[in-house]
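Below is start-v7.txt, holding compact mmCIF, N, CA and C atoms.
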# COMPACT_ATOMS: atom_id res chain seq x y z
N MET S 1 -13.55 76.31 67.77
CA MET S 1 -12.40 75.62 68.32
C MET S 1 -12.58 74.11 68.29
N ASN S 2 -13.80 73.67 68.59
CA ASN S 2 -14.09 72.25 68.60
C ASN S 2 -13.96 71.64 67.20
N THR S 3 -14.37 72.40 66.18
CA THR S 3 -14.27 71.92 64.80
C THR S 3 -12.81 71.78 64.38
N LEU S 4 -11.99 72.74 64.74
CA LEU S 4 -10.57 72.68 64.43
C LEU S 4 -9.91 71.49 65.11
N LEU S 5 -10.28 71.22 66.35
CA LEU S 5 -9.75 70.07 67.07
C LEU S 5 -10.17 68.77 66.39
N LYS S 6 -11.41 68.69 65.95
CA LYS S 6 -11.88 67.48 65.26
C LYS S 6 -11.12 67.26 63.95
N VAL S 7 -10.89 68.33 63.21
CA VAL S 7 -10.15 68.21 61.95
C VAL S 7 -8.73 67.74 62.21
N LEU S 8 -8.09 68.29 63.22
CA LEU S 8 -6.72 67.87 63.55
C LEU S 8 -6.67 66.42 64.02
N LEU S 9 -7.64 66.00 64.81
CA LEU S 9 -7.69 64.61 65.25
C LEU S 9 -7.97 63.67 64.08
N ASN S 10 -8.82 64.11 63.15
CA ASN S 10 -9.07 63.30 61.95
C ASN S 10 -7.82 63.22 61.09
N ALA S 11 -7.07 64.30 61.02
CA ALA S 11 -5.82 64.29 60.26
C ALA S 11 -4.83 63.31 60.87
N ILE S 12 -4.77 63.27 62.18
CA ILE S 12 -3.90 62.31 62.85
C ILE S 12 -4.35 60.89 62.54
N ALA S 13 -5.66 60.66 62.56
CA ALA S 13 -6.19 59.33 62.23
C ALA S 13 -5.87 58.95 60.79
N VAL S 14 -5.99 59.90 59.87
CA VAL S 14 -5.65 59.65 58.47
C VAL S 14 -4.17 59.30 58.34
N PHE S 15 -3.33 60.05 59.02
CA PHE S 15 -1.88 59.81 58.94
C PHE S 15 -1.52 58.45 59.52
N VAL S 16 -2.10 58.10 60.65
CA VAL S 16 -1.81 56.80 61.27
C VAL S 16 -2.30 55.66 60.39
N LEU S 17 -3.52 55.79 59.86
CA LEU S 17 -4.05 54.73 59.00
C LEU S 17 -3.24 54.58 57.72
N ALA S 18 -2.71 55.68 57.22
CA ALA S 18 -1.88 55.60 56.01
C ALA S 18 -0.59 54.83 56.28
N HIS S 19 -0.11 54.89 57.51
CA HIS S 19 1.11 54.14 57.83
C HIS S 19 0.81 52.70 58.21
N VAL S 20 -0.42 52.43 58.65
CA VAL S 20 -0.80 51.06 59.03
C VAL S 20 -1.22 50.25 57.81
N LEU S 21 -2.03 50.84 56.94
CA LEU S 21 -2.52 50.13 55.76
C LEU S 21 -1.49 50.22 54.63
N PRO S 22 -1.15 49.09 54.02
CA PRO S 22 -0.09 49.10 53.02
C PRO S 22 -0.45 49.79 51.70
N SER S 23 -1.72 49.92 51.37
CA SER S 23 -2.11 50.49 50.08
C SER S 23 -2.72 51.88 50.19
N VAL S 24 -2.51 52.54 51.32
CA VAL S 24 -2.95 53.92 51.49
C VAL S 24 -1.72 54.74 51.81
N HIS S 25 -1.53 55.83 51.06
CA HIS S 25 -0.31 56.62 51.20
C HIS S 25 -0.65 58.10 51.36
N VAL S 26 -0.01 58.73 52.34
CA VAL S 26 -0.11 60.17 52.55
C VAL S 26 1.31 60.71 52.58
N ASP S 27 1.55 61.78 51.82
CA ASP S 27 2.91 62.31 51.69
C ASP S 27 3.43 62.98 52.95
N SER S 28 2.58 63.77 53.63
CA SER S 28 3.08 64.54 54.78
C SER S 28 1.95 64.83 55.75
N TYR S 29 2.31 65.49 56.84
CA TYR S 29 1.31 65.90 57.82
C TYR S 29 0.34 66.92 57.22
N ILE S 30 0.87 67.82 56.42
CA ILE S 30 0.04 68.84 55.78
C ILE S 30 -0.98 68.19 54.85
N THR S 31 -0.54 67.17 54.11
CA THR S 31 -1.45 66.45 53.23
C THR S 31 -2.54 65.74 54.04
N ALA S 32 -2.19 65.21 55.20
CA ALA S 32 -3.18 64.56 56.06
C ALA S 32 -4.22 65.57 56.54
N ILE S 33 -3.79 66.78 56.86
CA ILE S 33 -4.73 67.83 57.26
C ILE S 33 -5.64 68.20 56.09
N ILE S 34 -5.05 68.31 54.90
CA ILE S 34 -5.86 68.61 53.72
C ILE S 34 -6.85 67.49 53.45
N VAL S 35 -6.43 66.25 53.60
CA VAL S 35 -7.34 65.11 53.42
C VAL S 35 -8.49 65.18 54.41
N ALA S 36 -8.19 65.50 55.66
CA ALA S 36 -9.24 65.59 56.68
C ALA S 36 -10.24 66.69 56.33
N VAL S 37 -9.75 67.83 55.86
CA VAL S 37 -10.65 68.94 55.50
C VAL S 37 -11.48 68.58 54.28
N VAL S 38 -10.85 68.00 53.27
CA VAL S 38 -11.57 67.63 52.05
C VAL S 38 -12.60 66.55 52.33
N LEU S 39 -12.25 65.55 53.15
CA LEU S 39 -13.21 64.52 53.51
C LEU S 39 -14.39 65.11 54.27
N SER S 40 -14.13 66.07 55.14
CA SER S 40 -15.22 66.73 55.86
C SER S 40 -16.14 67.47 54.90
N LEU S 41 -15.55 68.18 53.95
CA LEU S 41 -16.36 68.90 52.97
C LEU S 41 -17.14 67.96 52.06
N LEU S 42 -16.50 66.88 51.62
CA LEU S 42 -17.20 65.90 50.78
C LEU S 42 -18.34 65.23 51.54
N ASN S 43 -18.11 64.92 52.81
CA ASN S 43 -19.17 64.32 53.62
C ASN S 43 -20.30 65.31 53.88
N LEU S 44 -19.99 66.58 53.89
CA LEU S 44 -20.99 67.61 54.11
C LEU S 44 -21.80 67.90 52.85
N ILE S 45 -21.16 67.89 51.69
CA ILE S 45 -21.81 68.32 50.45
C ILE S 45 -22.22 67.14 49.56
N VAL S 46 -21.28 66.26 49.24
CA VAL S 46 -21.52 65.21 48.24
C VAL S 46 -22.27 64.02 48.82
N ARG S 47 -21.92 63.61 50.03
CA ARG S 47 -22.51 62.40 50.61
C ARG S 47 -24.03 62.46 50.71
N PRO S 48 -24.64 63.56 51.18
CA PRO S 48 -26.12 63.58 51.23
C PRO S 48 -26.76 63.43 49.85
N ILE S 49 -26.15 64.00 48.84
CA ILE S 49 -26.69 63.86 47.48
C ILE S 49 -26.63 62.41 47.03
N LEU S 50 -25.49 61.75 47.27
CA LEU S 50 -25.35 60.34 46.90
C LEU S 50 -26.32 59.45 47.69
N VAL S 51 -26.52 59.76 48.95
CA VAL S 51 -27.44 58.96 49.76
C VAL S 51 -28.86 59.08 49.22
N ILE S 52 -29.27 60.28 48.87
CA ILE S 52 -30.63 60.48 48.33
C ILE S 52 -30.78 59.78 46.99
N LEU S 53 -29.77 59.88 46.14
CA LEU S 53 -29.87 59.26 44.82
C LEU S 53 -29.85 57.73 44.87
N THR S 54 -29.30 57.17 45.93
CA THR S 54 -29.17 55.71 46.00
C THR S 54 -30.07 55.09 47.07
N ILE S 55 -31.16 55.75 47.39
CA ILE S 55 -32.07 55.21 48.41
C ILE S 55 -32.57 53.81 48.06
N PRO S 56 -32.99 53.53 46.81
CA PRO S 56 -33.45 52.16 46.51
C PRO S 56 -32.37 51.10 46.74
N ALA S 57 -31.14 51.38 46.30
CA ALA S 57 -30.06 50.41 46.50
C ALA S 57 -29.74 50.24 47.98
N THR S 58 -29.84 51.33 48.73
CA THR S 58 -29.58 51.26 50.18
C THR S 58 -30.64 50.43 50.88
N ILE S 59 -31.89 50.60 50.48
CA ILE S 59 -32.97 49.82 51.08
C ILE S 59 -32.83 48.34 50.73
N LEU S 60 -32.56 48.06 49.46
CA LEU S 60 -32.43 46.66 49.04
C LEU S 60 -31.25 45.95 49.70
N SER S 61 -30.20 46.69 49.99
CA SER S 61 -29.01 46.09 50.61
C SER S 61 -29.03 46.20 52.13
N LEU S 62 -30.17 46.66 52.67
CA LEU S 62 -30.33 46.83 54.12
C LEU S 62 -29.28 47.78 54.70
N GLY S 63 -28.93 48.80 53.94
CA GLY S 63 -28.02 49.82 54.42
C GLY S 63 -26.56 49.59 54.11
N LEU S 64 -26.22 48.42 53.58
CA LEU S 64 -24.82 48.13 53.30
C LEU S 64 -24.27 48.95 52.13
N PHE S 65 -25.16 49.49 51.29
CA PHE S 65 -24.70 50.31 50.18
C PHE S 65 -24.06 51.61 50.67
N LEU S 66 -24.37 52.01 51.89
CA LEU S 66 -23.72 53.20 52.46
C LEU S 66 -22.21 53.01 52.59
N LEU S 67 -21.77 51.76 52.76
CA LEU S 67 -20.34 51.48 52.79
C LEU S 67 -19.70 51.78 51.43
N VAL S 68 -20.44 51.48 50.37
CA VAL S 68 -19.96 51.78 49.02
C VAL S 68 -19.85 53.29 48.83
N ILE S 69 -20.83 54.02 49.35
CA ILE S 69 -20.78 55.49 49.26
C ILE S 69 -19.59 56.04 50.02
N ASN S 70 -19.31 55.50 51.20
CA ASN S 70 -18.14 55.95 51.98
C ASN S 70 -16.85 55.69 51.22
N ALA S 71 -16.74 54.51 50.61
CA ALA S 71 -15.54 54.19 49.83
C ALA S 71 -15.43 55.11 48.61
N ALA S 72 -16.55 55.43 48.01
CA ALA S 72 -16.53 56.34 46.85
C ALA S 72 -16.06 57.74 47.26
N ILE S 73 -16.46 58.18 48.44
CA ILE S 73 -16.00 59.48 48.94
C ILE S 73 -14.48 59.46 49.15
N ILE S 74 -13.96 58.36 49.67
CA ILE S 74 -12.50 58.23 49.86
C ILE S 74 -11.79 58.26 48.50
N LEU S 75 -12.34 57.54 47.51
CA LEU S 75 -11.73 57.54 46.19
C LEU S 75 -11.83 58.91 45.52
N LEU S 76 -12.89 59.64 45.78
CA LEU S 76 -13.02 61.00 45.26
C LEU S 76 -11.96 61.91 45.88
N ALA S 77 -11.73 61.75 47.18
CA ALA S 77 -10.67 62.52 47.84
C ALA S 77 -9.31 62.14 47.28
N ASP S 78 -9.11 60.87 46.98
CA ASP S 78 -7.87 60.41 46.35
C ASP S 78 -7.69 61.10 45.00
N TRP S 79 -8.75 61.23 44.24
CA TRP S 79 -8.68 61.87 42.93
C TRP S 79 -8.41 63.37 43.04
N LEU S 80 -8.93 64.01 44.08
CA LEU S 80 -8.80 65.45 44.24
C LEU S 80 -7.45 65.88 44.82
N ILE S 81 -6.84 65.05 45.67
CA ILE S 81 -5.63 65.42 46.40
C ILE S 81 -4.45 64.64 45.84
N SER S 82 -3.42 65.36 45.42
CA SER S 82 -2.30 64.70 44.76
C SER S 82 -1.40 63.91 45.72
N GLY S 83 -1.30 64.28 46.97
CA GLY S 83 -0.43 63.59 47.91
C GLY S 83 -1.10 62.45 48.66
N PHE S 84 -2.34 62.13 48.30
CA PHE S 84 -3.11 61.09 48.97
C PHE S 84 -3.46 60.03 47.93
N VAL S 85 -3.02 58.78 48.18
CA VAL S 85 -3.23 57.70 47.22
C VAL S 85 -3.84 56.50 47.92
N VAL S 86 -4.92 55.98 47.35
CA VAL S 86 -5.54 54.75 47.81
C VAL S 86 -5.55 53.80 46.62
N ASP S 87 -5.00 52.61 46.81
CA ASP S 87 -4.83 51.66 45.71
C ASP S 87 -6.03 50.73 45.57
N GLY S 88 -7.17 51.27 45.14
CA GLY S 88 -8.31 50.43 44.82
C GLY S 88 -9.49 50.59 45.76
N PHE S 89 -10.60 50.03 45.30
CA PHE S 89 -11.86 50.16 46.02
C PHE S 89 -11.84 49.44 47.36
N LEU S 90 -11.28 48.25 47.40
CA LEU S 90 -11.25 47.48 48.66
C LEU S 90 -10.49 48.21 49.74
N TRP S 91 -9.35 48.81 49.39
CA TRP S 91 -8.57 49.57 50.38
C TRP S 91 -9.30 50.84 50.80
N ALA S 92 -10.04 51.44 49.87
CA ALA S 92 -10.85 52.61 50.23
C ALA S 92 -11.94 52.21 51.21
N LEU S 93 -12.53 51.04 51.01
CA LEU S 93 -13.56 50.55 51.92
C LEU S 93 -12.98 50.27 53.31
N ILE S 94 -11.84 49.60 53.36
CA ILE S 94 -11.20 49.31 54.64
C ILE S 94 -10.78 50.61 55.33
N PHE S 95 -10.21 51.54 54.57
CA PHE S 95 -9.80 52.84 55.12
C PHE S 95 -11.00 53.58 55.68
N SER S 96 -12.12 53.59 54.96
CA SER S 96 -13.29 54.32 55.44
C SER S 96 -13.87 53.68 56.70
N LEU S 97 -13.86 52.35 56.78
CA LEU S 97 -14.35 51.68 57.98
C LEU S 97 -13.48 52.01 59.19
N LEU S 98 -12.16 51.92 59.03
CA LEU S 98 -11.26 52.20 60.14
C LEU S 98 -11.29 53.68 60.52
N LEU S 99 -11.39 54.56 59.54
CA LEU S 99 -11.47 55.99 59.83
C LEU S 99 -12.76 56.31 60.59
N SER S 100 -13.85 55.70 60.20
CA SER S 100 -15.11 55.90 60.93
C SER S 100 -15.00 55.40 62.37
N PHE S 101 -14.33 54.27 62.54
CA PHE S 101 -14.12 53.72 63.88
C PHE S 101 -13.31 54.68 64.74
N PHE S 102 -12.19 55.19 64.20
CA PHE S 102 -11.36 56.13 64.95
C PHE S 102 -12.10 57.44 65.22
N GLN S 103 -12.89 57.90 64.26
CA GLN S 103 -13.65 59.14 64.45
C GLN S 103 -14.68 58.98 65.56
N SER S 104 -15.31 57.82 65.65
CA SER S 104 -16.30 57.62 66.71
C SER S 104 -15.62 57.58 68.08
N ILE S 105 -14.45 56.98 68.17
CA ILE S 105 -13.71 56.96 69.43
C ILE S 105 -13.28 58.37 69.82
N LEU S 106 -12.75 59.13 68.86
CA LEU S 106 -12.31 60.49 69.15
C LEU S 106 -13.47 61.39 69.54
N ASN S 107 -14.62 61.24 68.86
CA ASN S 107 -15.79 62.03 69.22
C ASN S 107 -16.29 61.69 70.62
N LYS S 108 -16.22 60.43 70.99
CA LYS S 108 -16.62 60.03 72.33
C LYS S 108 -15.67 60.62 73.38
N LEU S 109 -14.38 60.64 73.07
CA LEU S 109 -13.42 61.23 73.98
C LEU S 109 -13.66 62.74 74.13
N LEU S 110 -13.98 63.41 73.05
CA LEU S 110 -14.27 64.84 73.11
C LEU S 110 -15.52 65.12 73.93
N LYS S 111 -16.53 64.28 73.79
CA LYS S 111 -17.76 64.46 74.57
C LYS S 111 -17.51 64.22 76.05
N ASN S 112 -16.67 63.23 76.37
CA ASN S 112 -16.35 62.95 77.78
C ASN S 112 -15.57 64.11 78.40
N ASN S 113 -14.66 64.70 77.63
CA ASN S 113 -13.90 65.84 78.14
C ASN S 113 -14.81 67.05 78.31
N LYS S 114 -15.80 67.19 77.46
CA LYS S 114 -16.72 68.32 77.55
C LYS S 114 -17.62 68.17 78.80
N LYS S 115 -18.02 66.94 79.11
CA LYS S 115 -18.85 66.70 80.27
C LYS S 115 -18.09 66.95 81.59
N LYS S 116 -16.79 66.67 81.60
CA LYS S 116 -15.99 66.84 82.81
C LYS S 116 -15.78 68.30 83.16
N LYS S 117 -15.84 69.18 82.18
CA LYS S 117 -15.63 70.61 82.43
C LYS S 117 -16.85 71.19 82.99
As structure tokens, please, write out the structure in this file.
Amino acid sequence: MNTLLKVLLNAIAVFVLAHVLPSVHVDSYITAIIVAVVLSLLNLIVRPILVILTIPATILSLGLFLLVINAAIILLADWLISGFVVDGFLWALIFSLLLSFFQSILNKLLKNNKKKK
């Protein structure tokens, strides 16, 4: 149940960010849910492989190369999902930063609600 709630909250964050950022487009609520699921799967499967393969670049950049990996994951989701469009690498980077920010806030809210019960 907690995983489903996280996916739905991430979908809401994706939908809101798509309306706030001028170069990120999501066709519908269903597409936002699909984007949230695909991003979760890509972060689960592809991201660890990319992190391991780019350890030297990550060390040399003091960890900033992880931002490039996050933007690449967003662009990969853009390529996989037809109703989700990101117009370039810079917008993917901004989208990934804001999405990470919203996800951290939502996760903190979920943890606070769990502690209150």
With only C-alpha atoms as the counted atoms, please give the residues lying no more than 12 Å from Leu42 (chain S), apart from itself and same-chain residues fewer than 2 positions off, as a list in words.
Val35, Ala36, Val37, Val38, Leu39, Ser40, Leu44, Ile45, Val46, Arg47, Pro48, Ile49, Leu50, Ile69, Asn70, Ala71, Ala72, Ile73, Ile74, Leu75, Leu76, Ala77, Asp78 and Leu80 of chain S
Taking only N, CA and C atoms into account, name the residue in S:Phe101, S:Phe95, S:Phe89, S:Phe84 that is nearest to Val26 (chain S).
S:Phe84
Gap from atom N of Ile33 (chain S) to atom C of Ala11 (chain S) - Å, one decimal
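Straight-line distance from atom N of Ile33 (chain S) to atom C of Ala11 (chain S) works out to 5.4 Å.
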Got a sec to tell me which of region 47-99 of chain S DSSP assigns to helix (DSSP H, G or I), as a PDB file with N, CA and C atoms, keeping the file's coordinate frame?
ATOM      1  N   ARG S  47     -21.920  63.610  50.030  1.00  0.00           N
ATOM      2  CA  ARG S  47     -22.510  62.400  50.610  1.00  0.00           C
ATOM      3  C   ARG S  47     -24.030  62.460  50.710  1.00  0.00           C
ATOM      4  N   PRO S  48     -24.640  63.560  51.180  1.00  0.00           N
ATOM      5  CA  PRO S  48     -26.120  63.580  51.230  1.00  0.00           C
ATOM      6  C   PRO S  48     -26.760  63.430  49.850  1.00  0.00           C
ATOM      7  N   ILE S  49     -26.150  64.000  48.840  1.00  0.00           N
ATOM      8  CA  ILE S  49     -26.690  63.860  47.480  1.00  0.00           C
ATOM      9  C   ILE S  49     -26.630  62.410  47.030  1.00  0.00           C
ATOM     10  N   LEU S  50     -25.490  61.750  47.270  1.00  0.00           N
ATOM     11  CA  LEU S  50     -25.350  60.340  46.900  1.00  0.00           C
ATOM     12  C   LEU S  50     -26.320  59.450  47.690  1.00  0.00           C
ATOM     13  N   VAL S  51     -26.520  59.760  48.950  1.00  0.00           N
ATOM     14  CA  VAL S  51     -27.440  58.960  49.760  1.00  0.00           C
ATOM     15  C   VAL S  51     -28.860  59.080  49.220  1.00  0.00           C
ATOM     16  N   ILE S  52     -29.270  60.280  48.870  1.00  0.00           N
ATOM     17  CA  ILE S  52     -30.630  60.480  48.330  1.00  0.00           C
ATOM     18  C   ILE S  52     -30.780  59.780  46.990  1.00  0.00           C
ATOM     19  N   LEU S  53     -29.770  59.880  46.140  1.00  0.00           N
ATOM     20  CA  LEU S  53     -29.870  59.260  44.820  1.00  0.00           C
ATOM     21  C   LEU S  53     -29.850  57.730  44.870  1.00  0.00           C
ATOM     22  N   ILE S  55     -31.160  55.750  47.390  1.00  0.00           N
ATOM     23  CA  ILE S  55     -32.070  55.210  48.410  1.00  0.00           C
ATOM     24  C   ILE S  55     -32.570  53.810  48.060  1.00  0.00           C
ATOM     25  N   PRO S  56     -32.990  53.530  46.810  1.00  0.00           N
ATOM     26  CA  PRO S  56     -33.450  52.160  46.510  1.00  0.00           C
ATOM     27  C   PRO S  56     -32.370  51.100  46.740  1.00  0.00           C
ATOM     28  N   ALA S  57     -31.140  51.380  46.300  1.00  0.00           N
ATOM     29  CA  ALA S  57     -30.060  50.410  46.500  1.00  0.00           C
ATOM     30  C   ALA S  57     -29.740  50.240  47.980  1.00  0.00           C
ATOM     31  N   THR S  58     -29.840  51.330  48.730  1.00  0.00           N
ATOM     32  CA  THR S  58     -29.580  51.260  50.180  1.00  0.00           C
ATOM     33  C   THR S  58     -30.640  50.430  50.880  1.00  0.00           C
ATOM     34  N   ILE S  59     -31.890  50.600  50.480  1.00  0.00           N
ATOM     35  CA  ILE S  59     -32.970  49.820  51.080  1.00  0.00           C
ATOM     36  C   ILE S  59     -32.830  48.340  50.730  1.00  0.00           C
ATOM     37  N   LEU S  60     -32.560  48.060  49.460  1.00  0.00           N
ATOM     38  CA  LEU S  60     -32.430  46.660  49.040  1.00  0.00           C
ATOM     39  C   LEU S  60     -31.250  45.950  49.700  1.00  0.00           C
ATOM     40  N   PHE S  65     -25.160  49.490  51.290  1.00  0.00           N
ATOM     41  CA  PHE S  65     -24.700  50.310  50.180  1.00  0.00           C
ATOM     42  C   PHE S  65     -24.060  51.610  50.670  1.00  0.00           C
ATOM     43  N   LEU S  66     -24.370  52.010  51.890  1.00  0.00           N
ATOM     44  CA  LEU S  66     -23.720  53.200  52.460  1.00  0.00           C
ATOM     45  C   LEU S  66     -22.210  53.010  52.590  1.00  0.00           C
ATOM     46  N   LEU S  67     -21.770  51.760  52.760  1.00  0.00           N
ATOM     47  CA  LEU S  67     -20.340  51.480  52.790  1.00  0.00           C
ATOM     48  C   LEU S  67     -19.700  51.780  51.430  1.00  0.00           C
ATOM     49  N   VAL S  68     -20.440  51.480  50.370  1.00  0.00           N
ATOM     50  CA  VAL S  68     -19.960  51.780  49.020  1.00  0.00           C
ATOM     51  C   VAL S  68     -19.850  53.290  48.830  1.00  0.00           C
ATOM     52  N   ILE S  69     -20.830  54.020  49.350  1.00  0.00           N
ATOM     53  CA  ILE S  69     -20.780  55.490  49.260  1.00  0.00           C
ATOM     54  C   ILE S  69     -19.590  56.040  50.020  1.00  0.00           C
ATOM     55  N   ASN S  70     -19.310  55.500  51.200  1.00  0.00           N
ATOM     56  CA  ASN S  70     -18.140  55.950  51.980  1.00  0.00           C
ATOM     57  C   ASN S  70     -16.850  55.690  51.220  1.00  0.00           C
ATOM     58  N   ALA S  71     -16.740  54.510  50.610  1.00  0.00           N
ATOM     59  CA  ALA S  71     -15.540  54.190  49.830  1.00  0.00           C
ATOM     60  C   ALA S  71     -15.430  55.110  48.610  1.00  0.00           C
ATOM     61  N   ALA S  72     -16.550  55.430  48.010  1.00  0.00           N
ATOM     62  CA  ALA S  72     -16.530  56.340  46.850  1.00  0.00           C
ATOM     63  C   ALA S  72     -16.060  57.740  47.260  1.00  0.00           C
ATOM     64  N   ILE S  73     -16.460  58.180  48.440  1.00  0.00           N
ATOM     65  CA  ILE S  73     -16.000  59.480  48.940  1.00  0.00           C
ATOM     66  C   ILE S  73     -14.480  59.460  49.150  1.00  0.00           C
ATOM     67  N   ILE S  74     -13.960  58.360  49.670  1.00  0.00           N
ATOM     68  CA  ILE S  74     -12.500  58.230  49.860  1.00  0.00           C
ATOM     69  C   ILE S  74     -11.790  58.260  48.500  1.00  0.00           C
ATOM     70  N   LEU S  75     -12.340  57.540  47.510  1.00  0.00           N
ATOM     71  CA  LEU S  75     -11.730  57.540  46.190  1.00  0.00           C
ATOM     72  C   LEU S  75     -11.830  58.910  45.520  1.00  0.00           C
ATOM     73  N   LEU S  76     -12.890  59.640  45.780  1.00  0.00           N
ATOM     74  CA  LEU S  76     -13.020  61.000  45.260  1.00  0.00           C
ATOM     75  C   LEU S  76     -11.960  61.910  45.880  1.00  0.00           C
ATOM     76  N   ALA S  77     -11.730  61.750  47.180  1.00  0.00           N
ATOM     77  CA  ALA S  77     -10.670  62.520  47.840  1.00  0.00           C
ATOM     78  C   ALA S  77      -9.310  62.140  47.280  1.00  0.00           C
ATOM     79  N   ASP S  78      -9.110  60.870  46.980  1.00  0.00           N
ATOM     80  CA  ASP S  78      -7.870  60.410  46.350  1.00  0.00           C
ATOM     81  C   ASP S  78      -7.690  61.100  45.000  1.00  0.00           C
ATOM     82  N   TRP S  79      -8.750  61.230  44.240  1.00  0.00           N
ATOM     83  CA  TRP S  79      -8.680  61.870  42.930  1.00  0.00           C
ATOM     84  C   TRP S  79      -8.410  63.370  43.040  1.00  0.00           C
ATOM     85  N   LEU S  80      -8.930  64.010  44.080  1.00  0.00           N
ATOM     86  CA  LEU S  80      -8.800  65.450  44.240  1.00  0.00           C
ATOM     87  C   LEU S  80      -7.450  65.880  44.820  1.00  0.00           C
ATOM     88  N   PHE S  89     -10.600  50.030  45.300  1.00  0.00           N
ATOM     89  CA  PHE S  89     -11.860  50.160  46.020  1.00  0.00           C
ATOM     90  C   PHE S  89     -11.840  49.440  47.360  1.00  0.00           C
ATOM     91  N   LEU S  90     -11.280  48.250  47.400  1.00  0.00           N
ATOM     92  CA  LEU S  90     -11.250  47.480  48.660  1.00  0.00           C
ATOM     93  C   LEU S  90     -10.490  48.210  49.740  1.00  0.00           C
ATOM     94  N   TRP S  91      -9.350  48.810  49.390  1.00  0.00           N
ATOM     95  CA  TRP S  91      -8.570  49.570  50.380  1.00  0.00           C
ATOM     96  C   TRP S  91      -9.300  50.840  50.800  1.00  0.00           C
ATOM     97  N   ALA S  92     -10.040  51.440  49.870  1.00  0.00           N
ATOM     98  CA  ALA S  92     -10.850  52.610  50.230  1.00  0.00           C
ATOM     99  C   ALA S  92     -11.940  52.210  51.210  1.00  0.00           C
ATOM    100  N   LEU S  93     -12.530  51.040  51.010  1.00  0.00           N
ATOM    101  CA  LEU S  93     -13.560  50.550  51.920  1.00  0.00           C
ATOM    102  C   LEU S  93     -12.980  50.270  53.310  1.00  0.00           C
ATOM    103  N   ILE S  94     -11.840  49.600  53.360  1.00  0.00           N
ATOM    104  CA  ILE S  94     -11.200  49.310  54.640  1.00  0.00           C
ATOM    105  C   ILE S  94     -10.780  50.610  55.330  1.00  0.00           C
ATOM    106  N   PHE S  95     -10.210  51.540  54.570  1.00  0.00           N
ATOM    107  CA  PHE S  95      -9.800  52.840  55.120  1.00  0.00           C
ATOM    108  C   PHE S  95     -11.000  53.580  55.680  1.00  0.00           C
ATOM    109  N   SER S  96     -12.120  53.590  54.960  1.00  0.00           N
ATOM    110  CA  SER S  96     -13.290  54.320  55.440  1.00  0.00           C
ATOM    111  C   SER S  96     -13.870  53.680  56.700  1.00  0.00           C
ATOM    112  N   LEU S  97     -13.860  52.350  56.780  1.00  0.00           N
ATOM    113  CA  LEU S  97     -14.350  51.680  57.980  1.00  0.00           C
ATOM    114  C   LEU S  97     -13.480  52.010  59.190  1.00  0.00           C
ATOM    115  N   LEU S  98     -12.160  51.920  59.030  1.00  0.00           N
ATOM    116  CA  LEU S  98     -11.260  52.200  60.140  1.00  0.00           C
ATOM    117  C   LEU S  98     -11.290  53.680  60.520  1.00  0.00           C
ATOM    118  N   LEU S  99     -11.390  54.560  59.540  1.00  0.00           N
ATOM    119  CA  LEU S  99     -11.470  55.990  59.830  1.00  0.00           C
ATOM    120  C   LEU S  99     -12.760  56.310  60.590  1.00  0.00           C
TER     121      LEU S  99
END
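Across the model, the gap from CA of Asp27 (chain S) to CA of Gly83 (chain S) is 5.2 Å.
Distances to Leu97 (chain S) were evaluated for S:Val68, S:Leu5, S:Val16, S:Ile55 using only C-alpha atoms, and the minimum falls at S:Val68.
Considering only region 5-103 of chain S, backbone DSSP assigns strand (DSSP E or B) to Val24, His25, Val26, Phe84, Val85 and Val86 of chain S.
These residues, each with an atom at most 5 Å from (-6.1, 50.9, 53.0) using all atoms listed in the file, are S:Leu21, S:Ser23, S:Val24, S:Trp91, S:Phe95.
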What gap, in Å, lies between atom C of Ala32 (chain S) and atom C of Val14 (chain S)?
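Atom C of Val14 (chain S) lies at a distance of 6.5 Å from atom C of Ala32 (chain S).
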